[in-house]
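Asks: The structure file coords28.cif (mmCIF, C-alpha atoms) is provided below.
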data_target
loop_
_atom_site.label_atom_id
_atom_site.label_comp_id
_atom_site.auth_asym_id
_atom_site.auth_seq_id
_atom_site.Cartn_x
_atom_site.Cartn_y
_atom_site.Cartn_z
CA MET K 1318 35.89 134.19 92.90
CA LYS K 1319 39.49 133.11 92.38
CA SER K 1320 40.55 130.50 89.87
CA THR K 1321 43.67 128.43 90.19
CA ILE K 1322 45.86 127.34 87.31
CA SER K 1323 48.64 124.98 86.42
CA ILE K 1324 50.66 124.79 83.24
CA PHE K 1325 52.58 122.13 81.33
CA ASN K 1326 55.45 123.69 79.43
CA ALA K 1327 58.73 123.26 77.61
CA SER K 1328 61.19 125.55 75.92
CA ALA K 1329 60.62 126.12 72.25
CA PRO K 1330 63.35 125.19 69.79
CA GLY K 1331 65.27 128.05 68.24
CA GLN K 1332 64.94 130.45 71.17
CA ARG K 1333 67.65 133.10 71.34
CA PRO K 1334 70.39 132.64 73.94
CA VAL K 1335 70.41 134.72 77.14
CA LYS K 1336 73.54 136.36 78.49
CA ARG K 1337 75.22 134.06 81.05
CA ARG K 1338 75.24 136.62 83.86
CA HIS K 1339 71.45 136.97 83.68
CA GLN K 1340 70.72 133.28 83.19
CA SER K 1341 71.41 132.21 86.79
CA LEU K 1342 69.35 135.06 88.23
CA ILE K 1343 66.44 134.33 85.91
CA LEU K 1344 66.51 130.61 86.74
CA LEU K 1345 66.59 131.38 90.46
CA VAL K 1346 63.59 133.70 90.17
CA MET K 1347 61.73 131.14 88.09
CA SER K 1348 62.32 128.37 90.60
CA MET K 1349 60.93 130.55 93.40
CA THR K 1350 57.85 131.86 91.59
CA LEU K 1351 56.84 129.37 88.90
CA THR K 1352 54.55 126.64 90.19
CA ALA K 1353 53.90 125.03 86.87
CA CYS K 1354 54.18 121.71 85.12
CA GLN K 1355 57.36 122.15 83.14
CA THR K 1356 60.27 120.60 81.35
CA MET K 1357 63.05 122.99 80.45
CA THR K 1358 64.47 120.81 77.71
CA GLY K 1359 61.22 119.95 75.98
CA SER K 1360 61.65 116.30 76.89
CA VAL K 1361 59.22 114.38 79.09
CA SER K 1362 60.24 114.10 82.73
CA SER K 1363 60.45 110.53 83.99
CA HIS K 1364 58.16 111.68 86.81
CA GLU K 1365 55.38 112.09 84.22
CA LEU K 1366 55.61 108.39 83.31
CA GLU K 1367 55.54 107.05 86.86
CA GLN K 1368 52.51 105.30 88.32
CA PHE K 1369 50.65 107.27 90.98
CA THR K 1370 47.88 106.64 93.47
CA PRO K 1371 44.93 109.01 93.04
CA LEU K 1372 43.85 110.95 96.09
CA THR K 1373 40.77 109.65 97.86
CA ALA K 1374 37.49 111.44 97.16
CA LYS K 1375 37.79 113.29 100.49
CA GLN K 1376 41.32 114.49 99.67
CA ARG K 1377 40.56 115.85 96.19
CA ILE K 1378 39.75 119.51 95.64
CA MET K 1379 36.79 118.48 93.45
CA ASN K 1380 35.05 115.19 92.61
CA GLU K 1381 32.31 116.11 90.15
CA VAL K 1382 33.91 118.58 87.80
CA LYS K 1383 32.53 120.25 84.70
CA VAL K 1384 35.51 120.11 82.32
CA ARG K 1385 35.94 122.27 79.24
CA TRP K 1386 38.74 121.82 76.70
CA ASP K 1387 39.90 125.03 75.02
CA VAL K 1388 42.13 124.46 71.96
CA ARG K 1389 44.02 127.64 71.09
CA GLU K 1390 46.72 128.63 68.64
CA ASP K 1391 48.15 130.99 71.27
CA VAL K 1392 48.32 128.43 74.10
CA ALA K 1393 51.76 129.57 75.29
CA GLU K 1394 50.82 133.24 75.42
CA HIS K 1395 47.37 132.57 76.90
CA CYS K 1396 48.62 130.26 79.66
CA ALA K 1397 51.53 132.60 80.47
CA LYS K 1398 49.09 135.52 80.74
CA VAL K 1399 46.66 133.58 82.94
CA MET K 1400 49.55 132.42 85.14
CA LYS K 1401 50.84 136.01 85.24
CA LEU K 1402 54.28 134.87 84.14
CA GLY K 1403 56.85 137.53 83.49
CA PRO K 1404 58.52 137.69 80.07
CA ASP K 1405 61.61 135.83 81.31
CA GLN K 1406 59.55 133.04 82.89
CA ALA K 1407 57.42 132.63 79.76
CA TYR K 1408 60.55 132.70 77.59
CA PHE K 1409 62.31 129.87 79.46
CA ALA K 1410 59.25 127.77 80.26
CA ARG K 1411 56.82 128.12 77.38
CA PRO K 1412 53.49 126.63 78.42
CA LEU K 1413 52.28 123.71 76.31
CA ALA K 1414 49.02 123.40 78.24
CA CYS K 1415 47.37 124.63 81.41
CA ALA K 1416 44.43 123.87 83.67
CA ILE K 1417 42.33 126.62 85.21
CA TRP K 1418 40.04 125.43 87.97
CA ASN K 1419 37.40 127.03 90.14
CA ARG K 1420 36.46 125.02 93.24
CA LYS K 1421 33.38 127.10 94.05
CA LEU K 1422 31.83 126.50 90.63
CA GLN K 1423 33.28 122.96 90.33
CA GLU K 1424 34.61 123.85 86.86
CA CYS K 1425 37.90 123.32 85.13
CA THR K 1426 39.17 124.48 81.74
CA ILE K 1427 42.07 122.67 80.11
CA VAL K 1428 43.89 124.76 77.52
CA THR K 1429 46.06 123.11 74.85
CA GLY K 1430 47.32 123.89 71.41
CA ALA K 1431 46.03 122.24 68.25
CA GLN K 1432 48.83 119.67 68.64
CA THR K 1433 49.02 118.08 72.09
CA SER K 1434 49.60 114.70 73.69
CA HIS K 1435 47.63 112.29 75.81
CA LEU K 1436 50.25 112.90 78.47
CA ALA K 1437 49.68 116.67 78.58
CA LEU K 1438 45.89 116.32 78.48
CA GLY K 1439 45.83 113.68 81.22
CA HIS K 1440 48.27 115.67 83.33
CA GLU K 1441 46.07 118.74 83.19
CA LEU K 1442 42.92 116.69 83.86
CA ARG K 1443 44.50 115.40 87.05
CA HIS K 1444 44.95 119.03 88.15
CA CYS K 1445 41.19 119.50 87.71
CA PHE K 1446 40.55 116.88 90.39
CA GLU K 1447 43.58 117.13 92.65
CA GLY K 1448 44.77 120.71 92.26
CA HIS K 1449 48.51 121.21 92.70
CA PHE K 1450 49.94 117.72 93.03
CA HIS K 1451 53.59 118.22 92.12
CA PRO K 1452 56.12 117.08 94.72
#
Would you mind writing the file's structure down as structure tokens?
Replies:
Amino acid sequence: MKSTISIFNASAPGQRPVKRRHQSLILLVMSMTLTACQTMTGSVSSHELEQFTPLTAKQRIMNEVKVRWDVREDVAEHCAKVMKLGPDQAYFARPLACAIWNRKLQECTIVTGAQTSHLALGHELRHCFEGHFHP
């Protein structure tokens, strides 16, 4: 029984700099392997504020979903672990929230920290119904 996840993340302020020669390689690897909701600068992407048309009921991965909201102090570490992110990926794209869904059981768990936003919560809820929807 395999679950699928998505994360919403941003870099944390005050992170230590990475040597320039490794930075390009790390970013390339991240872009190939990280399928997560992310903003590298910590700012909200304009894509997040755009209107969208929900998928039809037939197109969604689930329609009647049991949703659980897990508020954790260790949201970044937990989501990175669940996503199986490497240390470099988790360092550059610290998860702010994630959604873990199971189509067979029609269940979805949204994980956030104690401080979150309507934007992050709504974003992850959409994953519960539509799965991976990023362009």
Asks: Leaving out Thr1370 in chain K and any residue of its chain fewer than 4 positions from it, which residues lie within 12 Å of it when counting only C-alpha atoms, given as number ranges by chain?
Replies: K: 1376, 1443, 1447, 1450
Asks: For the selection you just gave me, I'd like the residues written to a file as a PDB file, keeping the file's coordinate frame, keeping C-alpha atoms.
Replies:
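Output saved as again_25.pdb:
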ATOM      1  CA  GLN K1376      41.320 114.490  99.670  1.00  0.00           C
ATOM      2  CA  ARG K1443      44.500 115.400  87.050  1.00  0.00           C
ATOM      3  CA  GLU K1447      43.580 117.130  92.650  1.00  0.00           C
ATOM      4  CA  PHE K1450      49.940 117.720  93.030  1.00  0.00           C
TER       5      PHE K1450
END
Asks: Would you kindly translate the PyMOL selection byres ((chain K and resi 1421-1436) around 10) into the concrete residues it picks from this file, as a PDB file with C-alpha atoms, in the frame of the given file?
Replies:
ATOM      1  CA  MET K1318      35.890 134.190  92.900  1.00  0.00           C
ATOM      2  CA  LYS K1319      39.490 133.110  92.380  1.00  0.00           C
ATOM      3  CA  SER K1320      40.550 130.500  89.870  1.00  0.00           C
ATOM      4  CA  THR K1321      43.670 128.430  90.190  1.00  0.00           C
ATOM      5  CA  ILE K1322      45.860 127.340  87.310  1.00  0.00           C
ATOM      6  CA  SER K1323      48.640 124.980  86.420  1.00  0.00           C
ATOM      7  CA  ILE K1324      50.660 124.790  83.240  1.00  0.00           C
ATOM      8  CA  PHE K1325      52.580 122.130  81.330  1.00  0.00           C
ATOM      9  CA  VAL K1361      59.220 114.380  79.090  1.00  0.00           C
ATOM     10  CA  GLU K1365      55.380 112.090  84.220  1.00  0.00           C
ATOM     11  CA  LEU K1366      55.610 108.390  83.310  1.00  0.00           C
ATOM     12  CA  ILE K1378      39.750 119.510  95.640  1.00  0.00           C
ATOM     13  CA  MET K1379      36.790 118.480  93.450  1.00  0.00           C
ATOM     14  CA  ASN K1380      35.050 115.190  92.610  1.00  0.00           C
ATOM     15  CA  GLU K1381      32.310 116.110  90.150  1.00  0.00           C
ATOM     16  CA  VAL K1382      33.910 118.580  87.800  1.00  0.00           C
ATOM     17  CA  LYS K1383      32.530 120.250  84.700  1.00  0.00           C
ATOM     18  CA  VAL K1384      35.510 120.110  82.320  1.00  0.00           C
ATOM     19  CA  ARG K1385      35.940 122.270  79.240  1.00  0.00           C
ATOM     20  CA  TRP K1386      38.740 121.820  76.700  1.00  0.00           C
ATOM     21  CA  ASP K1387      39.900 125.030  75.020  1.00  0.00           C
ATOM     22  CA  VAL K1388      42.130 124.460  71.960  1.00  0.00           C
ATOM     23  CA  ARG K1389      44.020 127.640  71.090  1.00  0.00           C
ATOM     24  CA  GLU K1390      46.720 128.630  68.640  1.00  0.00           C
ATOM     25  CA  ASP K1391      48.150 130.990  71.270  1.00  0.00           C
ATOM     26  CA  VAL K1392      48.320 128.430  74.100  1.00  0.00           C
ATOM     27  CA  ALA K1393      51.760 129.570  75.290  1.00  0.00           C
ATOM     28  CA  HIS K1395      47.370 132.570  76.900  1.00  0.00           C
ATOM     29  CA  CYS K1396      48.620 130.260  79.660  1.00  0.00           C
ATOM     30  CA  PRO K1412      53.490 126.630  78.420  1.00  0.00           C
ATOM     31  CA  LEU K1413      52.280 123.710  76.310  1.00  0.00           C
ATOM     32  CA  ALA K1414      49.020 123.400  78.240  1.00  0.00           C
ATOM     33  CA  CYS K1415      47.370 124.630  81.410  1.00  0.00           C
ATOM     34  CA  ALA K1416      44.430 123.870  83.670  1.00  0.00           C
ATOM     35  CA  ILE K1417      42.330 126.620  85.210  1.00  0.00           C
ATOM     36  CA  TRP K1418      40.040 125.430  87.970  1.00  0.00           C
ATOM     37  CA  ASN K1419      37.400 127.030  90.140  1.00  0.00           C
ATOM     38  CA  ARG K1420      36.460 125.020  93.240  1.00  0.00           C
ATOM     39  CA  ALA K1437      49.680 116.670  78.580  1.00  0.00           C
ATOM     40  CA  LEU K1438      45.890 116.320  78.480  1.00  0.00           C
ATOM     41  CA  GLY K1439      45.830 113.680  81.220  1.00  0.00           C
ATOM     42  CA  HIS K1440      48.270 115.670  83.330  1.00  0.00           C
ATOM     43  CA  GLU K1441      46.070 118.740  83.190  1.00  0.00           C
ATOM     44  CA  LEU K1442      42.920 116.690  83.860  1.00  0.00           C
ATOM     45  CA  HIS K1444      44.950 119.030  88.150  1.00  0.00           C
ATOM     46  CA  CYS K1445      41.190 119.500  87.710  1.00  0.00           C
ATOM     47  CA  PHE K1446      40.550 116.880  90.390  1.00  0.00           C
TER      48      PHE K1446
END
Asks: So how far away is CA of His1364 in chain K from CA of Ala1410 in chain K, in Å?
Replies: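 These atoms are spaced 17.4 Å apart.
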Asks: To one decimal place in Å, what is the distance between CA of Lys1398 in chain K and CA of Arg1411 in chain K?
Replies: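 Interatomic distance, CA of Lys1398 in chain K to CA of Arg1411 in chain K: 11.2 Å.
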Asks: Provide the CA of Thr1373 in chain K to CA of Gly1448 in chain K distance in Å, to one decimal place.
Replies: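 Rounded to one decimal, the two atoms are 13.0 Å apart.
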Asks: Should you be able to, write range 1362-1442 of chain K of this structure into a file that contains C-alpha atoms, as a CSV table (one decimal), in the first residue's frame.
Replies:
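Output saved as result_1.csv:
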chain,number,residue,atom,x,y,z
K,1362,SER,CA,5.0,32.2,-6.0
K,1363,SER,CA,2.6,34.2,-8.2
K,1364,HIS,CA,1.4,30.8,-9.4
K,1365,GLU,CA,-0.1,30.1,-5.9
K,1366,LEU,CA,-2.3,33.2,-6.2
K,1367,GLU,CA,-3.7,32.4,-9.7
K,1368,GLN,CA,-7.2,31.2,-10.2
K,1369,PHE,CA,-7.6,27.6,-11.3
K,1370,THR,CA,-10.3,25.3,-12.6
K,1371,PRO,CA,-10.7,22.2,-10.4
K,1372,LEU,CA,-10.5,18.9,-12.1
K,1373,THR,CA,-13.8,17.2,-12.8
K,1374,ALA,CA,-14.9,14.4,-10.4
K,1375,LYS,CA,-13.8,11.8,-13.0
K,1376,GLN,CA,-10.4,13.4,-13.3
K,1377,ARG,CA,-9.6,13.6,-9.6
K,1378,ILE,CA,-7.6,10.9,-7.8
K,1379,MET,CA,-10.2,10.9,-5.0
K,1380,ASN,CA,-13.6,12.6,-4.5
K,1381,GLU,CA,-14.6,11.5,-1.0
K,1382,VAL,CA,-11.5,11.8,1.1
K,1383,LYS,CA,-11.0,11.3,4.8
K,1384,VAL,CA,-8.7,14.2,5.7
K,1385,ARG,CA,-6.5,14.4,8.8
K,1386,TRP,CA,-4.5,17.5,9.8
K,1387,ASP,CA,-1.3,16.8,11.7
K,1388,VAL,CA,0.3,19.8,13.4
K,1389,ARG,CA,3.9,19.2,14.2
K,1390,GLU,CA,6.8,21.2,15.6
K,1391,ASP,CA,9.2,19.1,13.3
K,1392,VAL,CA,7.2,19.7,10.1
K,1393,ALA,CA,10.3,20.3,8.0
K,1394,GLU,CA,12.2,17.2,9.2
K,1395,HIS,CA,9.0,15.0,9.1
K,1396,CYS,CA,8.0,16.0,5.6
K,1397,ALA,CA,11.6,15.7,4.3
K,1398,LYS,CA,11.8,12.2,5.8
K,1399,VAL,CA,8.5,11.2,4.3
K,1400,MET,CA,9.5,12.6,1.0
K,1401,LYS,CA,12.9,10.8,1.3
K,1402,LEU,CA,14.7,14.1,0.6
K,1403,GLY,CA,18.5,14.0,0.9
K,1404,PRO,CA,20.2,16.4,3.3
K,1405,ASP,CA,21.0,18.9,0.5
K,1406,GLN,CA,17.4,18.9,-0.9
K,1407,ALA,CA,16.0,19.4,2.6
K,1408,TYR,CA,18.5,22.1,3.3
K,1409,PHE,CA,17.6,24.2,0.2
K,1410,ALA,CA,13.9,23.5,0.2
K,1411,ARG,CA,12.7,23.2,3.8
K,1412,PRO,CA,9.2,21.9,3.8
K,1413,LEU,CA,6.6,24.1,5.3
K,1414,ALA,CA,3.8,21.6,4.8
K,1415,CYS,CA,3.1,18.4,3.0
K,1416,ALA,CA,0.2,16.1,2.0
K,1417,ILE,CA,0.4,12.4,2.2
K,1418,TRP,CA,-2.4,10.6,0.4
K,1419,ASN,CA,-3.5,7.0,-0.1
K,1420,ARG,CA,-5.9,6.4,-3.0
K,1421,LYS,CA,-6.8,2.9,-1.9
K,1422,LEU,CA,-7.9,4.0,1.6
K,1423,GLN,CA,-9.3,7.3,0.3
K,1424,GLU,CA,-7.3,9.1,3.1
K,1425,CYS,CA,-5.1,12.1,3.2
K,1426,THR,CA,-3.0,13.6,5.9
K,1427,ILE,CA,-1.9,17.3,5.7
K,1428,VAL,CA,1.1,18.1,7.9
K,1429,THR,CA,1.9,21.7,8.9
K,1430,GLY,CA,3.7,23.4,11.6
K,1431,ALA,CA,2.0,25.3,14.5
K,1432,GLN,CA,2.2,28.4,12.4
K,1433,THR,CA,0.9,28.0,8.8
K,1434,SER,CA,-1.2,29.9,6.3
K,1435,HIS,CA,-4.5,29.5,4.6
K,1436,LEU,CA,-2.5,29.3,1.4
K,1437,ALA,CA,-0.4,26.4,2.5
K,1438,LEU,CA,-3.3,24.5,4.0
K,1439,GLY,CA,-5.5,25.0,0.9
K,1440,HIS,CA,-2.6,24.1,-1.4
K,1441,GLU,CA,-2.1,20.8,0.4
K,1442,LEU,CA,-5.8,20.1,0.5
